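Shown next: query-v5.cif, given as mmCIF, N, CA and C atoms.
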```
data_entry
loop_
_atom_site.label_atom_id
_atom_site.label_comp_id
_atom_site.auth_asym_id
_atom_site.auth_seq_id
_atom_site.Cartn_x
_atom_site.Cartn_y
_atom_site.Cartn_z
N MET A 270 17.98 -30.85 -30.66
CA MET A 270 16.96 -29.84 -30.86
C MET A 270 15.84 -29.98 -29.82
N LYS A 271 15.40 -31.22 -29.60
CA LYS A 271 14.33 -31.47 -28.65
C LYS A 271 14.79 -31.10 -27.22
N THR A 272 16.03 -31.40 -26.88
CA THR A 272 16.57 -31.08 -25.56
C THR A 272 16.62 -29.57 -25.36
N MET A 273 17.01 -28.86 -26.40
CA MET A 273 17.09 -27.39 -26.33
C MET A 273 15.70 -26.80 -26.10
N LEU A 274 14.69 -27.34 -26.77
CA LEU A 274 13.33 -26.86 -26.59
C LEU A 274 12.86 -27.07 -25.16
N TRP A 275 13.13 -28.23 -24.61
CA TRP A 275 12.74 -28.51 -23.23
C TRP A 275 13.48 -27.60 -22.26
N LEU A 276 14.72 -27.30 -22.56
CA LEU A 276 15.49 -26.39 -21.71
C LEU A 276 14.87 -24.99 -21.73
N ILE A 277 14.50 -24.53 -22.89
CA ILE A 277 13.86 -23.21 -23.01
C ILE A 277 12.53 -23.19 -22.27
N VAL A 278 11.73 -24.22 -22.44
CA VAL A 278 10.45 -24.32 -21.74
C VAL A 278 10.68 -24.34 -20.23
N GLY A 279 11.67 -25.08 -19.78
CA GLY A 279 11.98 -25.15 -18.35
C GLY A 279 12.39 -23.80 -17.79
N VAL A 280 13.20 -23.06 -18.53
CA VAL A 280 13.63 -21.73 -18.08
C VAL A 280 12.43 -20.79 -18.00
N ILE A 281 11.57 -20.85 -18.97
CA ILE A 281 10.37 -19.99 -18.97
C ILE A 281 9.47 -20.32 -17.78
N VAL A 282 9.23 -21.60 -17.55
CA VAL A 282 8.37 -22.02 -16.44
C VAL A 282 8.99 -21.59 -15.10
N ALA A 283 10.30 -21.80 -14.95
CA ALA A 283 10.98 -21.39 -13.72
C ALA A 283 10.91 -19.88 -13.52
N SER A 284 11.07 -19.12 -14.59
CA SER A 284 11.01 -17.66 -14.50
C SER A 284 9.63 -17.18 -14.06
N VAL A 285 8.60 -17.79 -14.63
CA VAL A 285 7.23 -17.43 -14.26
C VAL A 285 6.98 -17.77 -12.79
N ALA A 286 7.48 -18.93 -12.34
CA ALA A 286 7.29 -19.34 -10.95
C ALA A 286 7.99 -18.38 -9.98
N VAL A 287 9.20 -17.96 -10.33
CA VAL A 287 9.94 -17.01 -9.48
C VAL A 287 9.22 -15.66 -9.44
N LEU A 288 8.75 -15.19 -10.58
CA LEU A 288 8.02 -13.92 -10.63
C LEU A 288 6.74 -14.00 -9.80
N ALA A 289 6.01 -15.08 -9.93
CA ALA A 289 4.77 -15.25 -9.16
C ALA A 289 5.05 -15.29 -7.66
N ALA A 290 6.13 -15.97 -7.27
CA ALA A 290 6.50 -16.02 -5.86
C ALA A 290 6.88 -14.64 -5.35
N TYR A 291 7.61 -13.88 -6.14
CA TYR A 291 7.99 -12.52 -5.74
C TYR A 291 6.75 -11.65 -5.55
N ILE A 292 5.83 -11.72 -6.50
CA ILE A 292 4.61 -10.90 -6.43
C ILE A 292 3.83 -11.23 -5.17
N ARG A 293 3.72 -12.51 -4.85
CA ARG A 293 2.93 -12.94 -3.70
C ARG A 293 3.63 -12.67 -2.37
N LEU A 294 4.97 -12.78 -2.35
CA LEU A 294 5.70 -12.72 -1.09
C LEU A 294 6.44 -11.42 -0.83
N ALA A 295 6.50 -10.52 -1.80
CA ALA A 295 7.23 -9.26 -1.62
C ALA A 295 6.64 -8.50 -0.43
N PRO A 296 7.50 -8.02 0.46
CA PRO A 296 6.98 -7.29 1.62
C PRO A 296 6.34 -5.96 1.21
N SER A 297 5.36 -5.54 1.97
CA SER A 297 4.68 -4.26 1.75
C SER A 297 5.12 -3.30 2.85
N ASP A 298 5.82 -2.25 2.46
CA ASP A 298 6.34 -1.27 3.40
C ASP A 298 5.26 -0.26 3.74
N PRO A 299 4.78 -0.24 5.00
CA PRO A 299 3.76 0.74 5.38
C PRO A 299 4.21 2.18 5.13
N GLY A 300 5.50 2.45 5.24
CA GLY A 300 6.00 3.79 4.99
C GLY A 300 5.77 4.25 3.56
N GLN A 301 5.70 3.31 2.65
CA GLN A 301 5.46 3.65 1.24
C GLN A 301 3.98 3.67 0.89
N TRP A 302 3.20 2.77 1.47
CA TRP A 302 1.81 2.58 1.04
C TRP A 302 0.78 3.21 1.97
N HIS A 303 1.11 3.37 3.25
CA HIS A 303 0.16 3.94 4.23
C HIS A 303 0.41 5.44 4.31
N VAL A 304 -0.06 6.14 3.27
CA VAL A 304 0.15 7.58 3.16
C VAL A 304 -1.20 8.28 3.03
N THR A 305 -1.25 9.50 3.52
CA THR A 305 -2.48 10.28 3.48
C THR A 305 -2.98 10.45 2.04
N PRO A 306 -4.22 10.06 1.77
CA PRO A 306 -4.77 10.23 0.42
C PRO A 306 -4.93 11.71 0.08
N GLU A 307 -4.26 12.16 -0.94
CA GLU A 307 -4.40 13.54 -1.42
C GLU A 307 -5.53 13.55 -2.46
N VAL A 308 -6.75 13.56 -1.96
CA VAL A 308 -7.93 13.42 -2.81
C VAL A 308 -8.85 14.61 -2.60
N GLU A 309 -9.12 15.33 -3.67
CA GLU A 309 -10.04 16.47 -3.60
C GLU A 309 -11.36 16.18 -4.32
N ALA A 310 -11.33 15.25 -5.28
CA ALA A 310 -12.53 14.92 -6.05
C ALA A 310 -12.41 13.50 -6.58
N ASP A 311 -13.56 12.91 -6.90
CA ASP A 311 -13.56 11.57 -7.48
C ASP A 311 -12.79 11.57 -8.79
N ARG A 312 -12.00 10.53 -8.99
CA ARG A 312 -11.24 10.41 -10.23
C ARG A 312 -10.89 8.95 -10.46
N ASP A 313 -11.11 8.49 -11.69
CA ASP A 313 -10.70 7.14 -12.09
C ASP A 313 -9.33 7.24 -12.73
N LEU A 314 -8.43 6.38 -12.30
CA LEU A 314 -7.06 6.34 -12.81
C LEU A 314 -6.83 5.06 -13.58
N GLU A 315 -5.76 5.00 -14.35
CA GLU A 315 -5.44 3.78 -15.10
C GLU A 315 -5.15 2.61 -14.15
N GLY A 316 -4.53 2.92 -13.02
CA GLY A 316 -4.18 1.86 -12.07
C GLY A 316 -4.84 2.01 -10.72
N GLY A 317 -5.96 2.72 -10.67
CA GLY A 317 -6.62 2.89 -9.39
C GLY A 317 -7.79 3.83 -9.44
N VAL A 318 -8.13 4.37 -8.27
CA VAL A 318 -9.30 5.24 -8.16
C VAL A 318 -9.14 6.16 -6.95
N LEU A 319 -9.68 7.36 -7.08
CA LEU A 319 -9.75 8.32 -5.97
C LEU A 319 -11.22 8.59 -5.70
N ARG A 320 -11.61 8.60 -4.44
CA ARG A 320 -13.00 8.88 -4.08
C ARG A 320 -13.04 9.78 -2.86
N VAL A 321 -14.02 10.70 -2.86
CA VAL A 321 -14.34 11.54 -1.71
C VAL A 321 -15.82 11.33 -1.45
N VAL A 322 -16.14 10.84 -0.24
CA VAL A 322 -17.52 10.47 0.04
C VAL A 322 -17.93 11.02 1.40
N GLU A 323 -19.05 11.71 1.44
CA GLU A 323 -19.59 12.18 2.71
C GLU A 323 -20.30 11.02 3.39
N THR A 324 -19.86 10.69 4.61
CA THR A 324 -20.38 9.52 5.31
C THR A 324 -20.82 9.80 6.72
N GLY A 325 -20.46 10.95 7.25
CA GLY A 325 -20.67 11.21 8.67
C GLY A 325 -19.45 10.76 9.44
N PRO A 326 -19.41 11.05 10.74
CA PRO A 326 -18.22 10.80 11.54
C PRO A 326 -17.89 9.31 11.76
N GLU A 327 -18.84 8.43 11.52
CA GLU A 327 -18.61 6.99 11.72
C GLU A 327 -18.28 6.27 10.42
N GLY A 328 -18.02 7.01 9.35
CA GLY A 328 -17.79 6.41 8.04
C GLY A 328 -16.63 5.43 8.01
N LEU A 329 -15.51 5.78 8.63
CA LEU A 329 -14.35 4.89 8.59
C LEU A 329 -14.63 3.59 9.33
N ALA A 330 -15.30 3.65 10.46
CA ALA A 330 -15.64 2.43 11.20
C ALA A 330 -16.53 1.52 10.37
N ARG A 331 -17.50 2.10 9.70
CA ARG A 331 -18.40 1.30 8.86
C ARG A 331 -17.67 0.74 7.65
N PHE A 332 -16.81 1.57 7.02
CA PHE A 332 -16.03 1.13 5.87
C PHE A 332 -15.10 -0.02 6.29
N ASP A 333 -14.47 0.12 7.46
CA ASP A 333 -13.56 -0.90 7.96
C ASP A 333 -14.27 -2.24 8.15
N ALA A 334 -15.47 -2.21 8.66
CA ALA A 334 -16.23 -3.45 8.86
C ALA A 334 -16.49 -4.14 7.52
N ILE A 335 -16.73 -3.37 6.48
CA ILE A 335 -16.96 -3.94 5.15
C ILE A 335 -15.67 -4.50 4.56
N ALA A 336 -14.59 -3.73 4.65
CA ALA A 336 -13.32 -4.15 4.05
C ALA A 336 -12.75 -5.39 4.73
N ARG A 337 -12.89 -5.48 6.04
CA ARG A 337 -12.29 -6.61 6.77
C ARG A 337 -12.93 -7.96 6.43
N VAL A 338 -14.14 -7.97 5.93
CA VAL A 338 -14.77 -9.24 5.56
C VAL A 338 -14.62 -9.53 4.06
N ALA A 339 -14.02 -8.61 3.33
CA ALA A 339 -13.82 -8.82 1.89
C ALA A 339 -12.77 -9.91 1.66
N LEU A 340 -12.99 -10.72 0.66
CA LEU A 340 -12.06 -11.80 0.35
C LEU A 340 -10.66 -11.28 0.06
N ARG A 341 -9.67 -11.97 0.58
CA ARG A 341 -8.25 -11.71 0.33
C ARG A 341 -7.81 -10.30 0.71
N THR A 342 -8.50 -9.69 1.68
CA THR A 342 -8.17 -8.34 2.13
C THR A 342 -7.69 -8.38 3.57
N THR A 343 -6.55 -7.71 3.82
CA THR A 343 -5.99 -7.60 5.16
C THR A 343 -5.60 -6.14 5.42
N VAL A 344 -5.39 -5.82 6.68
CA VAL A 344 -4.96 -4.47 7.05
C VAL A 344 -3.43 -4.43 7.02
N LEU A 345 -2.90 -3.45 6.30
CA LEU A 345 -1.45 -3.23 6.28
C LEU A 345 -1.04 -2.35 7.46
N ALA A 346 -1.77 -1.27 7.67
CA ALA A 346 -1.42 -0.33 8.74
C ALA A 346 -2.63 0.54 9.06
N GLY A 347 -2.58 1.14 10.25
CA GLY A 347 -3.60 2.07 10.65
C GLY A 347 -4.75 1.42 11.41
N SER A 348 -5.68 2.28 11.84
CA SER A 348 -6.85 1.81 12.58
C SER A 348 -7.93 2.88 12.54
N VAL A 349 -9.11 2.50 12.95
CA VAL A 349 -10.21 3.45 13.03
C VAL A 349 -9.84 4.56 14.02
N ASP A 350 -9.25 4.18 15.16
CA ASP A 350 -8.86 5.18 16.16
C ASP A 350 -7.84 6.18 15.63
N GLU A 351 -6.95 5.72 14.75
CA GLU A 351 -5.95 6.62 14.15
C GLU A 351 -6.57 7.51 13.07
N GLY A 352 -7.72 7.09 12.54
CA GLY A 352 -8.40 7.88 11.52
C GLY A 352 -7.98 7.56 10.10
N MET A 353 -7.13 6.55 9.93
CA MET A 353 -6.69 6.16 8.58
C MET A 353 -6.26 4.70 8.60
N ILE A 354 -6.66 3.97 7.54
CA ILE A 354 -6.33 2.55 7.42
C ILE A 354 -5.91 2.28 5.98
N THR A 355 -4.89 1.44 5.82
CA THR A 355 -4.51 0.96 4.49
C THR A 355 -4.71 -0.55 4.46
N TYR A 356 -5.43 -1.00 3.43
CA TYR A 356 -5.73 -2.41 3.23
C TYR A 356 -4.94 -2.93 2.04
N ILE A 357 -4.61 -4.22 2.09
CA ILE A 357 -4.05 -4.91 0.93
C ILE A 357 -5.09 -5.93 0.49
N THR A 358 -5.45 -5.89 -0.78
CA THR A 358 -6.34 -6.90 -1.35
C THR A 358 -5.56 -7.58 -2.47
N ARG A 359 -5.51 -8.91 -2.42
CA ARG A 359 -4.74 -9.67 -3.41
C ARG A 359 -5.66 -10.38 -4.39
N THR A 360 -5.19 -10.45 -5.65
CA THR A 360 -5.96 -11.20 -6.65
C THR A 360 -5.94 -12.67 -6.31
N LYS A 361 -6.94 -13.37 -6.77
CA LYS A 361 -7.11 -14.78 -6.42
C LYS A 361 -6.00 -15.67 -6.96
N THR A 362 -5.66 -15.53 -8.21
CA THR A 362 -4.73 -16.46 -8.84
C THR A 362 -3.27 -16.17 -8.52
N VAL A 363 -2.78 -15.04 -8.94
CA VAL A 363 -1.36 -14.72 -8.78
C VAL A 363 -1.05 -14.06 -7.45
N GLY A 364 -2.01 -13.36 -6.89
CA GLY A 364 -1.80 -12.68 -5.62
C GLY A 364 -1.27 -11.27 -5.77
N PHE A 365 -1.56 -10.62 -6.92
CA PHE A 365 -1.16 -9.23 -7.11
C PHE A 365 -1.74 -8.38 -5.98
N PRO A 366 -0.93 -7.56 -5.30
CA PRO A 366 -1.46 -6.72 -4.24
C PRO A 366 -1.98 -5.38 -4.76
N ASP A 367 -3.13 -4.98 -4.27
CA ASP A 367 -3.68 -3.64 -4.49
C ASP A 367 -3.80 -3.01 -3.11
N TYR A 368 -3.53 -1.72 -3.03
CA TYR A 368 -3.56 -1.00 -1.76
C TYR A 368 -4.71 0.00 -1.76
N THR A 369 -5.48 0.00 -0.69
CA THR A 369 -6.57 0.96 -0.53
C THR A 369 -6.37 1.68 0.79
N THR A 370 -6.14 2.99 0.70
CA THR A 370 -5.98 3.81 1.90
C THR A 370 -7.23 4.66 2.07
N VAL A 371 -7.77 4.63 3.28
CA VAL A 371 -9.00 5.35 3.59
C VAL A 371 -8.75 6.22 4.82
N GLN A 372 -9.08 7.51 4.69
CA GLN A 372 -8.88 8.45 5.79
C GLN A 372 -10.20 9.13 6.12
N GLN A 373 -10.50 9.19 7.42
CA GLN A 373 -11.66 9.95 7.88
C GLN A 373 -11.22 11.40 8.05
N ASP A 374 -11.90 12.32 7.37
CA ASP A 374 -11.60 13.74 7.43
C ASP A 374 -12.90 14.46 7.77
N GLY A 375 -13.19 14.59 9.06
CA GLY A 375 -14.48 15.13 9.49
C GLY A 375 -15.59 14.17 9.13
N ASP A 376 -16.54 14.61 8.32
CA ASP A 376 -17.64 13.76 7.88
C ASP A 376 -17.37 13.09 6.54
N VAL A 377 -16.13 13.23 6.04
CA VAL A 377 -15.79 12.76 4.70
C VAL A 377 -14.74 11.65 4.76
N LEU A 378 -14.90 10.66 3.88
CA LEU A 378 -13.86 9.65 3.67
C LEU A 378 -13.09 10.03 2.42
N ARG A 379 -11.78 9.99 2.51
CA ARG A 379 -10.89 10.18 1.36
C ARG A 379 -10.27 8.83 1.08
N ILE A 380 -10.46 8.34 -0.14
CA ILE A 380 -10.06 6.98 -0.50
C ILE A 380 -9.13 7.01 -1.70
N TYR A 381 -8.03 6.28 -1.59
CA TYR A 381 -7.08 6.14 -2.69
C TYR A 381 -6.75 4.66 -2.82
N ALA A 382 -7.23 4.04 -3.90
CA ALA A 382 -6.96 2.63 -4.18
C ALA A 382 -6.06 2.56 -5.40
N ARG A 383 -5.00 1.74 -5.33
CA ARG A 383 -4.05 1.67 -6.44
C ARG A 383 -3.35 0.33 -6.47
N LEU A 384 -2.81 0.04 -7.65
CA LEU A 384 -2.08 -1.21 -7.85
C LEU A 384 -0.63 -1.02 -7.44
N ARG A 385 0.08 -2.13 -7.28
CA ARG A 385 1.51 -2.08 -6.99
C ARG A 385 2.33 -2.41 -8.23
N PHE A 386 1.92 -3.41 -8.95
CA PHE A 386 2.68 -3.87 -10.12
C PHE A 386 1.91 -3.57 -11.39
N GLY A 387 2.62 -3.12 -12.41
CA GLY A 387 2.00 -2.87 -13.70
C GLY A 387 1.53 -1.44 -13.85
N GLU A 388 0.79 -1.21 -14.93
CA GLU A 388 0.30 0.13 -15.22
C GLU A 388 -1.22 0.22 -15.23
N SER A 389 -1.90 -0.89 -15.44
CA SER A 389 -3.35 -0.89 -15.48
C SER A 389 -3.89 -2.00 -14.60
N ASP A 390 -4.95 -1.70 -13.88
CA ASP A 390 -5.58 -2.73 -13.06
C ASP A 390 -6.88 -3.24 -13.69
N LEU A 391 -7.14 -2.80 -14.93
CA LEU A 391 -8.33 -3.21 -15.68
C LEU A 391 -9.63 -2.88 -14.94
N GLY A 392 -9.58 -1.83 -14.11
CA GLY A 392 -10.79 -1.39 -13.41
C GLY A 392 -11.10 -2.14 -12.13
N VAL A 393 -10.19 -2.98 -11.67
CA VAL A 393 -10.44 -3.80 -10.49
C VAL A 393 -10.59 -2.94 -9.23
N ASN A 394 -9.69 -1.97 -9.04
CA ASN A 394 -9.78 -1.13 -7.84
C ASN A 394 -11.05 -0.30 -7.84
N LYS A 395 -11.41 0.26 -8.97
CA LYS A 395 -12.65 1.04 -9.08
C LYS A 395 -13.86 0.18 -8.71
N ALA A 396 -13.92 -1.02 -9.26
CA ALA A 396 -15.05 -1.91 -8.99
C ALA A 396 -15.11 -2.27 -7.51
N ARG A 397 -13.96 -2.57 -6.91
CA ARG A 397 -13.93 -2.96 -5.50
C ARG A 397 -14.37 -1.79 -4.61
N VAL A 398 -13.77 -0.62 -4.81
CA VAL A 398 -14.10 0.53 -3.97
C VAL A 398 -15.56 0.93 -4.15
N ASP A 399 -16.03 0.96 -5.37
CA ASP A 399 -17.44 1.32 -5.60
C ASP A 399 -18.39 0.29 -4.98
N GLU A 400 -18.00 -0.98 -5.00
CA GLU A 400 -18.82 -2.01 -4.35
C GLU A 400 -18.85 -1.79 -2.84
N TRP A 401 -17.68 -1.53 -2.24
CA TRP A 401 -17.63 -1.27 -0.79
C TRP A 401 -18.43 -0.03 -0.44
N LEU A 402 -18.36 0.99 -1.27
CA LEU A 402 -19.12 2.22 -0.99
C LEU A 402 -20.63 2.00 -1.12
N ALA A 403 -21.03 1.15 -2.06
CA ALA A 403 -22.45 0.82 -2.20
C ALA A 403 -22.95 0.10 -0.93
N LEU A 404 -22.11 -0.75 -0.36
CA LEU A 404 -22.49 -1.44 0.89
C LEU A 404 -22.51 -0.48 2.08
N LEU A 405 -21.77 0.61 1.97
CA LEU A 405 -21.69 1.60 3.04
C LEU A 405 -22.95 2.45 3.16
N LYS A 406 -23.67 2.59 2.05
CA LYS A 406 -24.87 3.43 2.07
C LYS A 406 -25.95 2.79 2.93
N PRO A 407 -26.68 3.63 3.70
CA PRO A 407 -27.72 3.09 4.59
C PRO A 407 -28.89 2.48 3.85
#
```
Same coordinates, now as C-alpha cells:
Amino acid sequence: MKTMLWLIVGVIVASVAVLAAYIRLAPSDPGQWHVTPEVEADRDLEGGVLRVVETGPEGLARFDAIARVALRTTVLAGSVDEGMITYITRTKTVGFPDYTTVQQDGDVLRIYARLRFGESDLGVNKARVDEWLALLKP
C-alpha cells in the first residue's frame, strides 16, 4: 500500500514537472501571435484586454521603451519601424506566457494583450497594460 502511494505521488510530481517544462519551453509562433490587433474600443476580456489610446505619432517608440525594461518581457516579433510589436511576458513562477501586440495606427496605439494557456488570466494582462499606459502618459 505504501509503495503504491509513493508511485502515485511520483507520477503526479513527474506530470507536473513535464507540464511546467512544456509551458516554459513551448515555442511561440510569430505567425500565430504577431497579428494585427482588431481593436475599436477598450474592452476587458476574461483572458486579456483590448485598448485604444491616443498617443501621438511617437507612441509606439515610447511604449516599446517601457515594455523592454519590464521584468520577464521580451520581443517576439516586430519593431517600431514596422509599426507593430508583439511582446511575451512570462509569469515569475511557472513561466506562463502572455502576449501583448501593439500597433501604431496614426496617432493611436491599438493594444491586444492575451494569455496563451487557460481561460482566465485573473486580470494580469489588464493590470500590466494599464500600468505600462500609465507610464506612457507625460
For this session: Could you state which residues are captured by the PyMOL selection byres (((chain A and resi 292 and name CA) around 12) and name CA) in this file, as a list in words?
Result: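 Selected by the PyMOL selection byres (((chain A and resi 292 and name CA) around 12) and name CA) here: Val285, Ala286, Val287, Leu288, Ala289, Ala290, Tyr291, Arg293, Leu294, Ala295, Pro296, Ser297, Arg359, Thr360, Thr362, Val363, Gly364, Phe365, Pro366, Asp367, Leu384, Arg385, Phe386 and Gly387 of chain A.
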Please save N, CA and C atoms of the selected residues as a CSV table (one decimal), keeping the file's coordinate frame.
```csv
chain,number,residue,atom,x,y,z
A,285,VAL,N,8.6,-17.8,-14.6
A,285,VAL,CA,7.2,-17.4,-14.3
A,285,VAL,C,7.0,-17.8,-12.8
A,286,ALA,N,7.5,-18.9,-12.3
A,286,ALA,CA,7.3,-19.3,-11.0
A,286,ALA,C,8.0,-18.4,-10.0
A,287,VAL,N,9.2,-18.0,-10.3
A,287,VAL,CA,9.9,-17.0,-9.5
A,287,VAL,C,9.2,-15.7,-9.4
A,288,LEU,N,8.8,-15.2,-10.6
A,288,LEU,CA,8.0,-13.9,-10.6
A,288,LEU,C,6.7,-14.0,-9.8
A,289,ALA,N,6.0,-15.1,-9.9
A,289,ALA,CA,4.8,-15.2,-9.2
A,289,ALA,C,5.0,-15.3,-7.7
A,290,ALA,N,6.1,-16.0,-7.3
A,290,ALA,CA,6.5,-16.0,-5.9
A,290,ALA,C,6.9,-14.6,-5.4
A,291,TYR,N,7.6,-13.9,-6.1
A,291,TYR,CA,8.0,-12.5,-5.7
A,291,TYR,C,6.8,-11.6,-5.6
A,293,ARG,N,3.7,-12.5,-4.8
A,293,ARG,CA,2.9,-12.9,-3.7
A,293,ARG,C,3.6,-12.7,-2.4
A,294,LEU,N,5.0,-12.8,-2.4
A,294,LEU,CA,5.7,-12.7,-1.1
A,294,LEU,C,6.4,-11.4,-0.8
A,295,ALA,N,6.5,-10.5,-1.8
A,295,ALA,CA,7.2,-9.3,-1.6
A,295,ALA,C,6.6,-8.5,-0.4
A,296,PRO,N,7.5,-8.0,0.5
A,296,PRO,CA,7.0,-7.3,1.6
A,296,PRO,C,6.3,-6.0,1.2
A,297,SER,N,5.4,-5.5,2.0
A,297,SER,CA,4.7,-4.3,1.8
A,297,SER,C,5.1,-3.3,2.8
A,359,ARG,N,-5.5,-8.9,-2.4
A,359,ARG,CA,-4.7,-9.7,-3.4
A,359,ARG,C,-5.7,-10.4,-4.4
A,360,THR,N,-5.2,-10.4,-5.6
A,360,THR,CA,-6.0,-11.2,-6.6
A,360,THR,C,-5.9,-12.7,-6.3
A,362,THR,N,-5.7,-15.5,-8.2
A,362,THR,CA,-4.7,-16.5,-8.8
A,362,THR,C,-3.3,-16.2,-8.5
A,363,VAL,N,-2.8,-15.0,-8.9
A,363,VAL,CA,-1.4,-14.7,-8.8
A,363,VAL,C,-1.0,-14.1,-7.4
A,364,GLY,N,-2.0,-13.4,-6.9
A,364,GLY,CA,-1.8,-12.7,-5.6
A,364,GLY,C,-1.3,-11.3,-5.8
A,365,PHE,N,-1.6,-10.6,-6.9
A,365,PHE,CA,-1.2,-9.2,-7.1
A,365,PHE,C,-1.7,-8.4,-6.0
A,366,PRO,N,-0.9,-7.6,-5.3
A,366,PRO,CA,-1.5,-6.7,-4.2
A,366,PRO,C,-2.0,-5.4,-4.8
A,367,ASP,N,-3.1,-5.0,-4.3
A,367,ASP,CA,-3.7,-3.6,-4.5
A,367,ASP,C,-3.8,-3.0,-3.1
A,384,LEU,N,-2.8,0.0,-7.6
A,384,LEU,CA,-2.1,-1.2,-7.8
A,384,LEU,C,-0.6,-1.0,-7.4
A,385,ARG,N,0.1,-2.1,-7.3
A,385,ARG,CA,1.5,-2.1,-7.0
A,385,ARG,C,2.3,-2.4,-8.2
A,386,PHE,N,1.9,-3.4,-9.0
A,386,PHE,CA,2.7,-3.9,-10.1
A,386,PHE,C,1.9,-3.6,-11.4
A,387,GLY,N,2.6,-3.1,-12.4
A,387,GLY,CA,2.0,-2.9,-13.7
A,387,GLY,C,1.5,-1.4,-13.8
```
For this session: Decode the PyMOL selection byres ((chain A and resi 340) around 8) for the given file into explicit residues and return them as a VMD selection string.
Result: chain A and resid 335 to 339 341 to 343 357 to 360
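The space between atom CA of A:Glu400 and atom CA of A:Gly300 spans 27.1 Å.
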Problem set entry | Filtered DSSP result for chain A, state alpha helix (DSSP H), as a PyMOL selection string | chain A and resi 271-294+299-302+328-337+393-405
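The smallest atom-to-atom distance between A:Lys406 and any of A:Leu391, A:Thr324, A:Ile380, A:Ala334, using only C-alpha atoms, is found for A:Thr324.
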Exercise. Hey, can you check how far atom CA of A:Arg379 sits from atom CA of A:Val321?
Worked result: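 Value for the atom CA of A:Arg379-atom CA of A:Val321 distance: 4.8 Å.
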Problem set entry | Atom pair atom C of A:Leu378 / atom N of A:Met353: separation (Å) | 10.2 Å
Problem set entry | Best match for closeness to A:Gly328 among A:Ser389, A:Ser284, A:Gln372, A:Thr272, counting all atoms listed in the file | A:Gln372
Seminar exercise, completed: If you count all atoms listed in the file, the residue of A:Ile354, A:Val349, A:Leu314, A:Leu329 closest to A:Asp390 turns out to be A:Leu314
For this session: Identify which of the residues A:Trp275, A:Met270, A:Thr369, A:Ala382 lies closest to A:Leu319, counting all atoms listed in the file when measuring atom-to-atom distances.
Result: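 Closest to A:Leu319 of all the choices is A:Ala382.
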Exercise. For A:Asn394, which residue among A:Met273, A:Pro299, A:Ala330, A:Gly317 is the nearest when counting only C-alpha atoms?
Worked result: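 Between A:Met273, A:Pro299, A:Ala330, A:Gly317, the residue approaching A:Asn394 most closely is A:Gly317.
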Complete stretch 327-331 of chain A with all heavy atoms (output as a PDB file, in the frame of the given file).
```
ATOM      1  N   GLU A 327     -18.840   8.430  11.520  1.00  0.00           N
ATOM      2  CA  GLU A 327     -18.610   6.990  11.720  1.00  0.00           C
ATOM      3  C   GLU A 327     -18.280   6.270  10.420  1.00  0.00           C
ATOM      4  O   GLU A 327     -18.280   5.042  10.360  1.00  0.00           O
ATOM      5  CB  GLU A 327     -19.832   6.355  12.382  1.00  0.00           C
ATOM      6  CG  GLU A 327     -20.134   6.908  13.759  1.00  0.00           C
ATOM      7  CD  GLU A 327     -18.987   6.703  14.738  1.00  0.00           C
ATOM      8  OE1 GLU A 327     -18.414   5.597  14.759  1.00  0.00           O
ATOM      9  OE2 GLU A 327     -18.668   7.654  15.481  1.00  0.00           O
ATOM     10  N   GLY A 328     -18.020   7.010   9.350  1.00  0.00           N
ATOM     11  CA  GLY A 328     -17.790   6.410   8.040  1.00  0.00           C
ATOM     12  C   GLY A 328     -16.630   5.430   8.010  1.00  0.00           C
ATOM     13  O   GLY A 328     -16.739   4.344   7.432  1.00  0.00           O
ATOM     14  N   LEU A 329     -15.510   5.780   8.630  1.00  0.00           N
ATOM     15  CA  LEU A 329     -14.350   4.890   8.590  1.00  0.00           C
ATOM     16  C   LEU A 329     -14.630   3.590   9.330  1.00  0.00           C
ATOM     17  O   LEU A 329     -14.247   2.517   8.857  1.00  0.00           O
ATOM     18  CB  LEU A 329     -13.109   5.582   9.165  1.00  0.00           C
ATOM     19  CG  LEU A 329     -11.815   4.775   9.094  1.00  0.00           C
ATOM     20  CD1 LEU A 329     -11.477   4.382   7.655  1.00  0.00           C
ATOM     21  CD2 LEU A 329     -10.661   5.547   9.729  1.00  0.00           C
ATOM     22  N   ALA A 330     -15.300   3.650  10.460  1.00  0.00           N
ATOM     23  CA  ALA A 330     -15.640   2.430  11.200  1.00  0.00           C
ATOM     24  C   ALA A 330     -16.530   1.520  10.370  1.00  0.00           C
ATOM     25  O   ALA A 330     -16.326   0.299  10.328  1.00  0.00           O
ATOM     26  CB  ALA A 330     -16.299   2.779  12.532  1.00  0.00           C
ATOM     27  N   ARG A 331     -17.500   2.100   9.700  1.00  0.00           N
ATOM     28  CA  ARG A 331     -18.400   1.300   8.860  1.00  0.00           C
ATOM     29  C   ARG A 331     -17.670   0.740   7.650  1.00  0.00           C
ATOM     30  O   ARG A 331     -17.859  -0.415   7.262  1.00  0.00           O
ATOM     31  CB  ARG A 331     -19.612   2.148   8.451  1.00  0.00           C
ATOM     32  CG  ARG A 331     -20.499   2.476   9.657  1.00  0.00           C
ATOM     33  CD  ARG A 331     -21.702   3.384   9.389  1.00  0.00           C
ATOM     34  NE  ARG A 331     -22.183   3.421   8.047  1.00  0.00           N
ATOM     35  CZ  ARG A 331     -22.319   4.549   7.326  1.00  0.00           C
ATOM     36  NH1 ARG A 331     -21.968   5.713   7.832  1.00  0.00           N
ATOM     37  NH2 ARG A 331     -22.799   4.508   6.107  1.00  0.00           N
TER      38      ARG A 331
END
```
